[in-house]
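Structure file input.pdb with PDB, N, CA and C atoms:
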ATOM      1  N   MET C   1      35.139 106.271  80.050  1.00  0.00           N
ATOM      2  CA  MET C   1      35.096 106.687  81.433  1.00  0.00           C
ATOM      3  C   MET C   1      33.669 107.099  81.776  1.00  0.00           C
ATOM      4  N   ILE C   2      33.229 106.713  82.955  1.00  0.00           N
ATOM      5  CA  ILE C   2      31.945 107.151  83.495  1.00  0.00           C
ATOM      6  C   ILE C   2      32.269 108.102  84.640  1.00  0.00           C
ATOM      7  N   ASN C   3      31.741 109.298  84.596  1.00  0.00           N
ATOM      8  CA  ASN C   3      31.944 110.282  85.654  1.00  0.00           C
ATOM      9  C   ASN C   3      30.558 110.631  86.172  1.00  0.00           C
ATOM     10  N   THR C   4      30.108 109.910  87.210  1.00  0.00           N
ATOM     11  CA  THR C   4      28.741 110.031  87.692  1.00  0.00           C
ATOM     12  C   THR C   4      28.689 109.641  89.155  1.00  0.00           C
ATOM     13  N   ALA C   5      27.516 109.474  89.679  1.00  0.00           N
ATOM     14  CA  ALA C   5      27.341 108.993  91.054  1.00  0.00           C
ATOM     15  C   ALA C   5      26.779 107.580  91.027  1.00  0.00           C
ATOM     16  N   THR C   6      27.123 106.811  92.041  1.00  0.00           N
ATOM     17  CA  THR C   6      26.526 105.491  92.189  1.00  0.00           C
ATOM     18  C   THR C   6      25.048 105.650  92.523  1.00  0.00           C
ATOM     19  N   ASP C   7      24.288 104.584  92.302  1.00  0.00           N
ATOM     20  CA  ASP C   7      22.902 104.595  92.773  1.00  0.00           C
ATOM     21  C   ASP C   7      22.899 104.120  94.226  1.00  0.00           C
ATOM     22  N   ARG C   8      21.753 103.908  94.805  1.00  0.00           N
ATOM     23  CA  ARG C   8      21.661 103.525  96.229  1.00  0.00           C
ATOM     24  C   ARG C   8      22.182 102.125  96.527  1.00  0.00           C
ATOM     25  N   GLU C   9      22.432 101.330  95.495  1.00  0.00           N
ATOM     26  CA  GLU C   9      23.031 100.006  95.679  1.00  0.00           C
ATOM     27  C   GLU C   9      24.521 100.008  95.324  1.00  0.00           C
ATOM     28  N   GLY C  10      25.096 101.195  95.130  1.00  0.00           N
ATOM     29  CA  GLY C  10      26.511 101.290  94.804  1.00  0.00           C
ATOM     30  C   GLY C  10      26.840 100.906  93.379  1.00  0.00           C
ATOM     31  N   MET C  11      25.853 100.964  92.493  1.00  0.00           N
ATOM     32  CA  MET C  11      26.038 100.591  91.087  1.00  0.00           C
ATOM     33  C   MET C  11      26.253 101.819  90.208  1.00  0.00           C
ATOM     34  N   VAL C  12      27.043 101.622  89.162  1.00  0.00           N
ATOM     35  CA  VAL C  12      27.258 102.618  88.117  1.00  0.00           C
ATOM     36  C   VAL C  12      26.931 101.918  86.800  1.00  0.00           C
ATOM     37  N   THR C  13      26.210 102.605  85.922  1.00  0.00           N
ATOM     38  CA  THR C  13      25.752 101.999  84.674  1.00  0.00           C
ATOM     39  C   THR C  13      26.312 102.728  83.467  1.00  0.00           C
ATOM     40  N   ALA C  14      26.717 101.952  82.449  1.00  0.00           N
ATOM     41  CA  ALA C  14      27.183 102.498  81.173  1.00  0.00           C
ATOM     42  C   ALA C  14      26.438 101.794  80.048  1.00  0.00           C
ATOM     43  N   ASP C  15      26.349 102.442  78.902  1.00  0.00           N
ATOM     44  CA  ASP C  15      25.746 101.814  77.730  1.00  0.00           C
ATOM     45  C   ASP C  15      26.661 100.713  77.204  1.00  0.00           C
ATOM     46  N   ASN C  16      26.067  99.622  76.767  1.00  0.00           N
ATOM     47  CA  ASN C  16      26.828  98.543  76.141  1.00  0.00           C
ATOM     48  C   ASN C  16      27.068  98.929  74.684  1.00  0.00           C
ATOM     49  N   PRO C  17      28.324  99.215  74.310  1.00  0.00           N
ATOM     50  CA  PRO C  17      28.592  99.695  72.952  1.00  0.00           C
ATOM     51  C   PRO C  17      28.358  98.652  71.864  1.00  0.00           C
ATOM     52  N   PHE C  18      28.316  97.376  72.223  1.00  0.00           N
ATOM     53  CA  PHE C  18      28.183  96.312  71.243  1.00  0.00           C
ATOM     54  C   PHE C  18      26.739  95.851  71.056  1.00  0.00           C
ATOM     55  N   ARG C  19      25.860  96.234  71.962  1.00  0.00           N
ATOM     56  CA  ARG C  19      24.435  95.859  71.900  1.00  0.00           C
ATOM     57  C   ARG C  19      24.220  94.346  71.877  1.00  0.00           C
ATOM     58  N   THR C  20      25.164  93.621  72.476  1.00  0.00           N
ATOM     59  CA  THR C  20      25.072  92.181  72.638  1.00  0.00           C
ATOM     60  C   THR C  20      25.938  91.782  73.824  1.00  0.00           C
ATOM     61  N   THR C  21      25.690  90.596  74.356  1.00  0.00           N
ATOM     62  CA  THR C  21      26.542  90.067  75.421  1.00  0.00           C
ATOM     63  C   THR C  21      27.435  88.946  74.900  1.00  0.00           C
ATOM     64  N   ASP C  22      27.174  88.482  73.703  1.00  0.00           N
ATOM     65  CA  ASP C  22      27.901  87.360  73.117  1.00  0.00           C
ATOM     66  C   ASP C  22      29.342  87.740  72.819  1.00  0.00           C
ATOM     67  N   GLY C  23      30.281  87.105  73.486  1.00  0.00           N
ATOM     68  CA  GLY C  23      31.699  87.328  73.238  1.00  0.00           C
ATOM     69  C   GLY C  23      32.244  88.652  73.735  1.00  0.00           C
ATOM     70  N   VAL C  24      31.527  89.322  74.646  1.00  0.00           N
ATOM     71  CA  VAL C  24      31.962  90.615  75.161  1.00  0.00           C
ATOM     72  C   VAL C  24      32.656  90.423  76.514  1.00  0.00           C
ATOM     73  N   PHE C  25      33.810  91.062  76.678  1.00  0.00           N
ATOM     74  CA  PHE C  25      34.582  91.018  77.913  1.00  0.00           C
ATOM     75  C   PHE C  25      34.775  92.447  78.407  1.00  0.00           C
ATOM     76  N   VAL C  26      34.691  92.650  79.725  1.00  0.00           N
ATOM     77  CA  VAL C  26      34.725  93.994  80.288  1.00  0.00           C
ATOM     78  C   VAL C  26      35.743  94.071  81.425  1.00  0.00           C
ATOM     79  N   LEU C  27      36.518  95.143  81.456  1.00  0.00           N
ATOM     80  CA  LEU C  27      37.462  95.439  82.531  1.00  0.00           C
ATOM     81  C   LEU C  27      37.124  96.803  83.103  1.00  0.00           C
ATOM     82  N   CYS C  28      37.449  97.019  84.389  1.00  0.00           N
ATOM     83  CA  CYS C  28      37.167  98.328  84.979  1.00  0.00           C
ATOM     84  C   CYS C  28      38.180  98.678  86.057  1.00  0.00           C
ATOM     85  N   GLN C  29      38.297  99.984  86.323  1.00  0.00           N
ATOM     86  CA  GLN C  29      39.170 100.526  87.362  1.00  0.00           C
ATOM     87  C   GLN C  29      38.470 101.731  87.963  1.00  0.00           C
ATOM     88  N   LEU C  30      38.519 101.879  89.262  1.00  0.00           N
ATOM     89  CA  LEU C  30      37.858 102.983  89.954  1.00  0.00           C
ATOM     90  C   LEU C  30      38.839 104.102  90.248  1.00  0.00           C
ATOM     91  N   CYS C  31      38.363 105.324  90.101  1.00  0.00           N
ATOM     92  CA  CYS C  31      39.097 106.513  90.522  1.00  0.00           C
ATOM     93  C   CYS C  31      38.144 107.328  91.389  1.00  0.00           C
ATOM     94  N   PRO C  32      38.279 107.309  92.725  1.00  0.00           N
ATOM     95  CA  PRO C  32      37.359 108.085  93.573  1.00  0.00           C
ATOM     96  C   PRO C  32      37.316 109.540  93.132  1.00  0.00           C
ATOM     97  N   ASN C  33      36.142 110.106  93.170  1.00  0.00           N
ATOM     98  CA  ASN C  33      35.927 111.456  92.667  1.00  0.00           C
ATOM     99  C   ASN C  33      35.111 112.229  93.690  1.00  0.00           C
ATOM    100  N   GLY C  34      35.732 112.619  94.789  1.00  0.00           N
ATOM    101  CA  GLY C  34      35.010 113.379  95.797  1.00  0.00           C
ATOM    102  C   GLY C  34      34.088 112.542  96.658  1.00  0.00           C
ATOM    103  N   MET C  35      34.404 111.254  96.813  1.00  0.00           N
ATOM    104  CA  MET C  35      33.556 110.389  97.629  1.00  0.00           C
ATOM    105  C   MET C  35      33.540 110.888  99.067  1.00  0.00           C
ATOM    106  N   ALA C  36      32.370 110.885  99.679  1.00  0.00           N
ATOM    107  CA  ALA C  36      32.218 111.341 101.058  1.00  0.00           C
ATOM    108  C   ALA C  36      33.028 110.446 101.999  1.00  0.00           C
ATOM    109  N   ASN C  37      33.752 111.068 102.912  1.00  0.00           N
ATOM    110  CA  ASN C  37      34.520 110.341 103.916  1.00  0.00           C
ATOM    111  C   ASN C  37      35.491 109.327 103.312  1.00  0.00           C
ATOM    112  N   ALA C  38      36.076 109.632 102.164  1.00  0.00           N
ATOM    113  CA  ALA C  38      36.970 108.685 101.492  1.00  0.00           C
ATOM    114  C   ALA C  38      38.377 108.689 102.072  1.00  0.00           C
ATOM    115  N   SER C  39      38.715 109.679 102.870  1.00  0.00           N
ATOM    116  CA  SER C  39      40.055 109.789 103.412  1.00  0.00           C
ATOM    117  C   SER C  39      40.414 108.553 104.230  1.00  0.00           C
ATOM    118  N   GLY C  40      41.518 107.909 103.882  1.00  0.00           N
ATOM    119  CA  GLY C  40      41.990 106.738 104.616  1.00  0.00           C
ATOM    120  C   GLY C  40      41.276 105.453 104.262  1.00  0.00           C
ATOM    121  N   LYS C  41      40.356 105.493 103.302  1.00  0.00           N
ATOM    122  CA  LYS C  41      39.615 104.300 102.900  1.00  0.00           C
ATOM    123  C   LYS C  41      40.011 103.916 101.488  1.00  0.00           C
ATOM    124  N   LEU C  42      39.919 102.646 101.180  1.00  0.00           N
ATOM    125  CA  LEU C  42      40.228 102.149  99.844  1.00  0.00           C
ATOM    126  C   LEU C  42      38.944 101.637  99.197  1.00  0.00           C
ATOM    127  N   PHE C  43      38.758 101.984  97.930  1.00  0.00           N
ATOM    128  CA  PHE C  43      37.574 101.554  97.192  1.00  0.00           C
ATOM    129  C   PHE C  43      38.010 100.837  95.924  1.00  0.00           C
ATOM    130  N   GLU C  44      37.154  99.959  95.424  1.00  0.00           N
ATOM    131  CA  GLU C  44      37.437  99.256  94.184  1.00  0.00           C
ATOM    132  C   GLU C  44      36.149  99.052  93.405  1.00  0.00           C
ATOM    133  N   ALA C  45      36.284  98.900  92.099  1.00  0.00           N
ATOM    134  CA  ALA C  45      35.132  98.678  91.225  1.00  0.00           C
ATOM    135  C   ALA C  45      35.155  97.242  90.722  1.00  0.00           C
ATOM    136  N   PHE C  46      33.971  96.664  90.588  1.00  0.00           N
ATOM    137  CA  PHE C  46      33.820  95.318  90.050  1.00  0.00           C
ATOM    138  C   PHE C  46      32.840  95.358  88.887  1.00  0.00           C
ATOM    139  N   PHE C  47      33.188  94.669  87.805  1.00  0.00           N
ATOM    140  CA  PHE C  47      32.212  94.479  86.744  1.00  0.00           C
ATOM    141  C   PHE C  47      31.136  93.575  87.319  1.00  0.00           C
ATOM    142  N   TRP C  48      29.875  94.004  87.268  1.00  0.00           N
ATOM    143  CA  TRP C  48      28.807  93.285  87.946  1.00  0.00           C
ATOM    144  C   TRP C  48      27.965  92.449  86.996  1.00  0.00           C
ATOM    145  N   ASP C  49      27.386  93.100  85.978  1.00  0.00           N
ATOM    146  CA  ASP C  49      26.585  92.350  85.012  1.00  0.00           C
ATOM    147  C   ASP C  49      26.432  93.132  83.716  1.00  0.00           C
ATOM    148  N   MET C  50      25.845  92.436  82.723  1.00  0.00           N
ATOM    149  CA  MET C  50      25.741  93.007  81.392  1.00  0.00           C
ATOM    150  C   MET C  50      24.441  92.539  80.747  1.00  0.00           C
ATOM    151  N   THR C  51      23.777  93.434  80.028  1.00  0.00           N
ATOM    152  CA  THR C  51      22.668  93.089  79.152  1.00  0.00           C
ATOM    153  C   THR C  51      23.027  93.623  77.770  1.00  0.00           C
ATOM    154  N   ASP C  52      22.156  93.417  76.806  1.00  0.00           N
ATOM    155  CA  ASP C  52      22.410  93.947  75.466  1.00  0.00           C
ATOM    156  C   ASP C  52      22.475  95.469  75.456  1.00  0.00           C
ATOM    157  N   SER C  53      21.862  96.127  76.450  1.00  0.00           N
ATOM    158  CA  SER C  53      21.812  97.588  76.435  1.00  0.00           C
ATOM    159  C   SER C  53      22.735  98.257  77.462  1.00  0.00           C
ATOM    160  N   ARG C  54      23.183  97.534  78.506  1.00  0.00           N
ATOM    161  CA  ARG C  54      23.952  98.214  79.543  1.00  0.00           C
ATOM    162  C   ARG C  54      24.999  97.310  80.173  1.00  0.00           C
ATOM    163  N   LEU C  55      25.993  97.967  80.784  1.00  0.00           N
ATOM    164  CA  LEU C  55      27.012  97.330  81.620  1.00  0.00           C
ATOM    165  C   LEU C  55      26.863  97.934  83.006  1.00  0.00           C
ATOM    166  N   ARG C  56      27.024  97.128  84.062  1.00  0.00           N
ATOM    167  CA  ARG C  56      26.960  97.687  85.409  1.00  0.00           C
ATOM    168  C   ARG C  56      28.209  97.313  86.189  1.00  0.00           C
ATOM    169  N   PHE C  57      28.647  98.284  86.991  1.00  0.00           N
ATOM    170  CA  PHE C  57      29.810  98.128  87.859  1.00  0.00           C
ATOM    171  C   PHE C  57      29.365  98.414  89.284  1.00  0.00           C
ATOM    172  N   ARG C  58      29.885  97.646  90.240  1.00  0.00           N
ATOM    173  CA  ARG C  58      29.521  97.854  91.641  1.00  0.00           C
ATOM    174  C   ARG C  58      30.759  98.275  92.420  1.00  0.00           C
ATOM    175  N   ILE C  59      30.577  99.224  93.325  1.00  0.00           N
ATOM    176  CA  ILE C  59      31.685  99.798  94.088  1.00  0.00           C
ATOM    177  C   ILE C  59      31.698  99.212  95.494  1.00  0.00           C
ATOM    178  N   ARG C  60      32.894  98.835  95.956  1.00  0.00           N
ATOM    179  CA  ARG C  60      33.057  98.228  97.282  1.00  0.00           C
ATOM    180  C   ARG C  60      34.240  98.854  97.988  1.00  0.00           C
ATOM    181  N   ARG C  61      34.137  98.954  99.301  1.00  0.00           N
ATOM    182  CA  ARG C  61      35.286  99.369 100.106  1.00  0.00           C
ATOM    183  C   ARG C  61      36.247  98.198 100.203  1.00  0.00           C
ATOM    184  N   ALA C  62      37.499  98.438  99.853  1.00  0.00           N
ATOM    185  CA  ALA C  62      38.497  97.374  99.875  1.00  0.00           C
ATOM    186  C   ALA C  62      39.020  97.109 101.279  1.00  0.00           C
ATOM    187  N   ASP C  63      38.922  98.100 102.169  1.00  0.00           N
ATOM    188  CA  ASP C  63      39.471  97.912 103.513  1.00  0.00           C
ATOM    189  C   ASP C  63      38.571  97.082 104.412  1.00  0.00           C
ATOM    190  N   ASN C  64      37.241  97.096 104.181  1.00  0.00           N
ATOM    191  CA  ASN C  64      36.353  96.278 105.030  1.00  0.00           C
ATOM    192  C   ASN C  64      35.411  95.391 104.216  1.00  0.00           C
ATOM    193  N   HIS C  65      35.520  95.423 102.893  1.00  0.00           N
ATOM    194  CA  HIS C  65      34.746  94.587 101.963  1.00  0.00           C
ATOM    195  C   HIS C  65      33.233  94.822 102.044  1.00  0.00           C
ATOM    196  N   GLU C  66      32.826  96.038 102.403  1.00  0.00           N
ATOM    197  CA  GLU C  66      31.401  96.390 102.413  1.00  0.00           C
ATOM    198  C   GLU C  66      31.073  97.115 101.122  1.00  0.00           C
ATOM    199  N   TRP C  67      29.914  96.776 100.548  1.00  0.00           N
ATOM    200  CA  TRP C  67      29.466  97.429  99.328  1.00  0.00           C
ATOM    201  C   TRP C  67      29.002  98.840  99.642  1.00  0.00           C
ATOM    202  N   VAL C  68      29.312  99.773  98.742  1.00  0.00           N
ATOM    203  CA  VAL C  68      28.797 101.136  98.873  1.00  0.00           C
ATOM    204  C   VAL C  68      27.284 101.056  98.697  1.00  0.00           C
ATOM    205  N   ASN C  69      26.541 101.679  99.593  1.00  0.00           N
ATOM    206  CA  ASN C  69      25.079 101.600  99.522  1.00  0.00           C
ATOM    207  C   ASN C  69      24.427 102.974  99.633  1.00  0.00           C
ATOM    208  N   ASP C  70      25.099 103.958  99.061  1.00  0.00           N
ATOM    209  CA  ASP C  70      24.524 105.305  99.008  1.00  0.00           C
ATOM    210  C   ASP C  70      25.078 106.015  97.775  1.00  0.00           C
ATOM    211  N   LEU C  71      24.599 107.200  97.521  1.00  0.00           N
ATOM    212  CA  LEU C  71      25.039 107.963  96.355  1.00  0.00           C
ATOM    213  C   LEU C  71      26.440 108.504  96.604  1.00  0.00           C
ATOM    214  N   GLN C  72      27.375 108.121  95.754  1.00  0.00           N
ATOM    215  CA  GLN C  72      28.760 108.567  95.867  1.00  0.00           C
ATOM    216  C   GLN C  72      29.271 108.963  94.489  1.00  0.00           C
ATOM    217  N   PRO C  73      29.880 110.144  94.348  1.00  0.00           N
ATOM    218  CA  PRO C  73      30.455 110.518  93.054  1.00  0.00           C
ATOM    219  C   PRO C  73      31.722 109.715  92.778  1.00  0.00           C
ATOM    220  N   VAL C  74      31.789 109.095  91.610  1.00  0.00           N
ATOM    221  CA  VAL C  74      32.947 108.275  91.242  1.00  0.00           C
ATOM    222  C   VAL C  74      33.260 108.439  89.756  1.00  0.00           C
ATOM    223  N   ARG C  75      34.473 108.039  89.413  1.00  0.00           N
ATOM    224  CA  ARG C  75      34.878 107.860  88.017  1.00  0.00           C
ATOM    225  C   ARG C  75      35.243 106.392  87.859  1.00  0.00           C
ATOM    226  N   VAL C  76      34.650 105.751  86.896  1.00  0.00           N
ATOM    227  CA  VAL C  76      35.000 104.368  86.588  1.00  0.00           C
ATOM    228  C   VAL C  76      35.558 104.345  85.167  1.00  0.00           C
ATOM    229  N   TYR C  77      36.815 103.949  85.063  1.00  0.00           N
ATOM    230  CA  TYR C  77      37.424 103.752  83.760  1.00  0.00           C
ATOM    231  C   TYR C  77      37.136 102.321  83.343  1.00  0.00           C
ATOM    232  N   TRP C  78      36.653 102.123  82.131  1.00  0.00           N
ATOM    233  CA  TRP C  78      36.309 100.778  81.701  1.00  0.00           C
ATOM    234  C   TRP C  78      36.641 100.586  80.230  1.00  0.00           C
ATOM    235  N   ALA C  79      36.798  99.335  79.861  1.00  0.00           N
ATOM    236  CA  ALA C  79      37.022  98.955  78.472  1.00  0.00           C
ATOM    237  C   ALA C  79      36.237  97.683  78.213  1.00  0.00           C
ATOM    238  N   ALA C  80      35.610  97.613  77.052  1.00  0.00           N
ATOM    239  CA  ALA C  80      34.882  96.410  76.641  1.00  0.00           C
ATOM    240  C   ALA C  80      35.477  95.922  75.324  1.00  0.00           C
ATOM    241  N   PHE C  81      35.614  94.633  75.214  1.00  0.00           N
ATOM    242  CA  PHE C  81      36.178  94.019  74.018  1.00  0.00           C
ATOM    243  C   PHE C  81      35.205  92.961  73.518  1.00  0.00           C
ATOM    244  N   LYS C  82      35.063  92.844  72.214  1.00  0.00           N
ATOM    245  CA  LYS C  82      34.190  91.824  71.643  1.00  0.00           C
ATOM    246  C   LYS C  82      35.039  90.867  70.829  1.00  0.00           C
ATOM    247  N   GLN C  83      34.918  89.593  71.170  1.00  0.00           N
ATOM    248  CA  GLN C  83      35.639  88.559  70.453  1.00  0.00           C
ATOM    249  C   GLN C  83      35.007  88.386  69.071  1.00  0.00           C
ATOM    250  N   GLN C  84      35.854  88.322  68.051  1.00  0.00           N
ATOM    251  CA  GLN C  84      35.373  88.103  66.696  1.00  0.00           C
ATOM    252  C   GLN C  84      34.994  86.648  66.503  1.00  0.00           C
ATOM    253  N   SER C  85      33.907  86.416  65.775  1.00  0.00           N
ATOM    254  CA  SER C  85      33.478  85.028  65.542  1.00  0.00           C
ATOM    255  C   SER C  85      34.211  84.393  64.405  1.00  0.00           C
TER     256      SER C  85
END
Structure encoded using structure tokens:
Amino acid sequence: MINTATDREGMVTADNPFRTTDGVFVLCQLCPNGMANASGKLFEAFFWDMTDSRLRFRIRRADNHEWVNDLQPVRVYWAAFKQQS
């Protein structure tokens, strides 16, 4: 779980536990955590990209499909799996 704020592009970053991108699969789920003006709005998290050192998730409003573009406190639950060779 990541319990932090998004950056100005609506991104949340976690360390890549495998230190590789080869055969790694990532899932995520958002849990709003005190987001400003969140009442009546729906948000969702998307796995965005991965490097050997980090995973990034981007937050979007589900009701109007606009990306979050400011600092918002969120919790992102995520799991990464590495396929065995």
Within 6 Å of range 55-64 of chain C, counting all atoms listed in the file, which residues show up once you throw out same-chain ones fewer than 4 positions away? Write them as a list in words, please.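 After dropping sequence-adjacent residues, the list is Gly10, Met11, Val12, Thr13, Ala14, Asp15, Asn16, Lys41, Leu42, Phe43, Glu44, Ala45, Phe46, Phe47, Trp48, Asp49, Met50, Thr51 and Val68 of chain C.
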Selected by the PyMOL selection byres (((chain C and resi 27 and name CA) around 9) and name CA) in the shown coordinates: which residues, as a list in words? Phe25, Val26, Cys28, Gln29, Phe46, Phe47, Tyr77, Trp78, Ala79, Ala80 and Phe81 of chain C
Let me make sure I understand: among C:Thr6, C:Thr21, C:Met1, C:Met35, which one has the smallest atom-to-atom distance to Val76 in chain C if we use only C-alpha atoms?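 Using only C-alpha atoms, Val76 in chain C sits closest to C:Met1.
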To test your reading of the structure, identify every residue in chain C that backbone DSSP assigns to strand (DSSP E or B), and report it as a PyMOL selection string. chain C and resi 2-5+11-15+24-32+43-50+54-61+67+73-82
Could you write out that same residue set with N, CA and C atoms as a short mmCIF file (atom, residue, chain, number, x, y, z; two decimals), in the frame of the given file?
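Output saved as again33.cif:
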data_model
loop_
_atom_site.label_atom_id
_atom_site.label_comp_id
_atom_site.auth_asym_id
_atom_site.auth_seq_id
_atom_site.Cartn_x
_atom_site.Cartn_y
_atom_site.Cartn_z
N ILE C 2 33.23 106.71 82.96
CA ILE C 2 31.94 107.15 83.50
C ILE C 2 32.27 108.10 84.64
N ASN C 3 31.74 109.30 84.60
CA ASN C 3 31.94 110.28 85.65
C ASN C 3 30.56 110.63 86.17
N THR C 4 30.11 109.91 87.21
CA THR C 4 28.74 110.03 87.69
C THR C 4 28.69 109.64 89.16
N ALA C 5 27.52 109.47 89.68
CA ALA C 5 27.34 108.99 91.05
C ALA C 5 26.78 107.58 91.03
N MET C 11 25.85 100.96 92.49
CA MET C 11 26.04 100.59 91.09
C MET C 11 26.25 101.82 90.21
N VAL C 12 27.04 101.62 89.16
CA VAL C 12 27.26 102.62 88.12
C VAL C 12 26.93 101.92 86.80
N THR C 13 26.21 102.60 85.92
CA THR C 13 25.75 102.00 84.67
C THR C 13 26.31 102.73 83.47
N ALA C 14 26.72 101.95 82.45
CA ALA C 14 27.18 102.50 81.17
C ALA C 14 26.44 101.79 80.05
N ASP C 15 26.35 102.44 78.90
CA ASP C 15 25.75 101.81 77.73
C ASP C 15 26.66 100.71 77.20
N VAL C 24 31.53 89.32 74.65
CA VAL C 24 31.96 90.62 75.16
C VAL C 24 32.66 90.42 76.51
N PHE C 25 33.81 91.06 76.68
CA PHE C 25 34.58 91.02 77.91
C PHE C 25 34.78 92.45 78.41
N VAL C 26 34.69 92.65 79.72
CA VAL C 26 34.72 93.99 80.29
C VAL C 26 35.74 94.07 81.42
N LEU C 27 36.52 95.14 81.46
CA LEU C 27 37.46 95.44 82.53
C LEU C 27 37.12 96.80 83.10
N CYS C 28 37.45 97.02 84.39
CA CYS C 28 37.17 98.33 84.98
C CYS C 28 38.18 98.68 86.06
N GLN C 29 38.30 99.98 86.32
CA GLN C 29 39.17 100.53 87.36
C GLN C 29 38.47 101.73 87.96
N LEU C 30 38.52 101.88 89.26
CA LEU C 30 37.86 102.98 89.95
C LEU C 30 38.84 104.10 90.25
N CYS C 31 38.36 105.32 90.10
CA CYS C 31 39.10 106.51 90.52
C CYS C 31 38.14 107.33 91.39
N PRO C 32 38.28 107.31 92.72
CA PRO C 32 37.36 108.08 93.57
C PRO C 32 37.32 109.54 93.13
N PHE C 43 38.76 101.98 97.93
CA PHE C 43 37.57 101.55 97.19
C PHE C 43 38.01 100.84 95.92
N GLU C 44 37.15 99.96 95.42
CA GLU C 44 37.44 99.26 94.18
C GLU C 44 36.15 99.05 93.40
N ALA C 45 36.28 98.90 92.10
CA ALA C 45 35.13 98.68 91.22
C ALA C 45 35.16 97.24 90.72
N PHE C 46 33.97 96.66 90.59
CA PHE C 46 33.82 95.32 90.05
C PHE C 46 32.84 95.36 88.89
N PHE C 47 33.19 94.67 87.80
CA PHE C 47 32.21 94.48 86.74
C PHE C 47 31.14 93.58 87.32
N TRP C 48 29.88 94.00 87.27
CA TRP C 48 28.81 93.28 87.95
C TRP C 48 27.96 92.45 87.00
N ASP C 49 27.39 93.10 85.98
CA ASP C 49 26.58 92.35 85.01
C ASP C 49 26.43 93.13 83.72
N MET C 50 25.84 92.44 82.72
CA MET C 50 25.74 93.01 81.39
C MET C 50 24.44 92.54 80.75
N ARG C 54 23.18 97.53 78.51
CA ARG C 54 23.95 98.21 79.54
C ARG C 54 25.00 97.31 80.17
N LEU C 55 25.99 97.97 80.78
CA LEU C 55 27.01 97.33 81.62
C LEU C 55 26.86 97.93 83.01
N ARG C 56 27.02 97.13 84.06
CA ARG C 56 26.96 97.69 85.41
C ARG C 56 28.21 97.31 86.19
N PHE C 57 28.65 98.28 86.99
CA PHE C 57 29.81 98.13 87.86
C PHE C 57 29.36 98.41 89.28
N ARG C 58 29.88 97.65 90.24
CA ARG C 58 29.52 97.85 91.64
C ARG C 58 30.76 98.28 92.42
N ILE C 59 30.58 99.22 93.32
CA ILE C 59 31.68 99.80 94.09
C ILE C 59 31.70 99.21 95.49
N ARG C 60 32.89 98.84 95.96
CA ARG C 60 33.06 98.23 97.28
C ARG C 60 34.24 98.85 97.99
N ARG C 61 34.14 98.95 99.30
CA ARG C 61 35.29 99.37 100.11
C ARG C 61 36.25 98.20 100.20
N TRP C 67 29.91 96.78 100.55
CA TRP C 67 29.47 97.43 99.33
C TRP C 67 29.00 98.84 99.64
N PRO C 73 29.88 110.14 94.35
CA PRO C 73 30.46 110.52 93.05
C PRO C 73 31.72 109.72 92.78
N VAL C 74 31.79 109.10 91.61
CA VAL C 74 32.95 108.28 91.24
C VAL C 74 33.26 108.44 89.76
N ARG C 75 34.47 108.04 89.41
CA ARG C 75 34.88 107.86 88.02
C ARG C 75 35.24 106.39 87.86
N VAL C 76 34.65 105.75 86.90
CA VAL C 76 35.00 104.37 86.59
C VAL C 76 35.56 104.34 85.17
N TYR C 77 36.82 103.95 85.06
CA TYR C 77 37.42 103.75 83.76
C TYR C 77 37.14 102.32 83.34
N TRP C 78 36.65 102.12 82.13
CA TRP C 78 36.31 100.78 81.70
C TRP C 78 36.64 100.59 80.23
N ALA C 79 36.80 99.34 79.86
CA ALA C 79 37.02 98.96 78.47
C ALA C 79 36.24 97.68 78.21
N ALA C 80 35.61 97.61 77.05
CA ALA C 80 34.88 96.41 76.64
C ALA C 80 35.48 95.92 75.32
N PHE C 81 35.61 94.63 75.21
CA PHE C 81 36.18 94.02 74.02
C PHE C 81 35.20 92.96 73.52
N LYS C 82 35.06 92.84 72.21
CA LYS C 82 34.19 91.82 71.64
C LYS C 82 35.04 90.87 70.83
#
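Rounded to one decimal, atom N of Val74 in chain C and atom C of Cys31 in chain C lie 6.6 Å from each other.
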Separation of atom N of Glu9 in chain C from CA of Leu71 in chain C, in Å and rounded to one decimal: 7.2 Å
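Across the model, the gap from atom N of Val24 in chain C to atom N of Arg54 in chain C is 12.3 Å.
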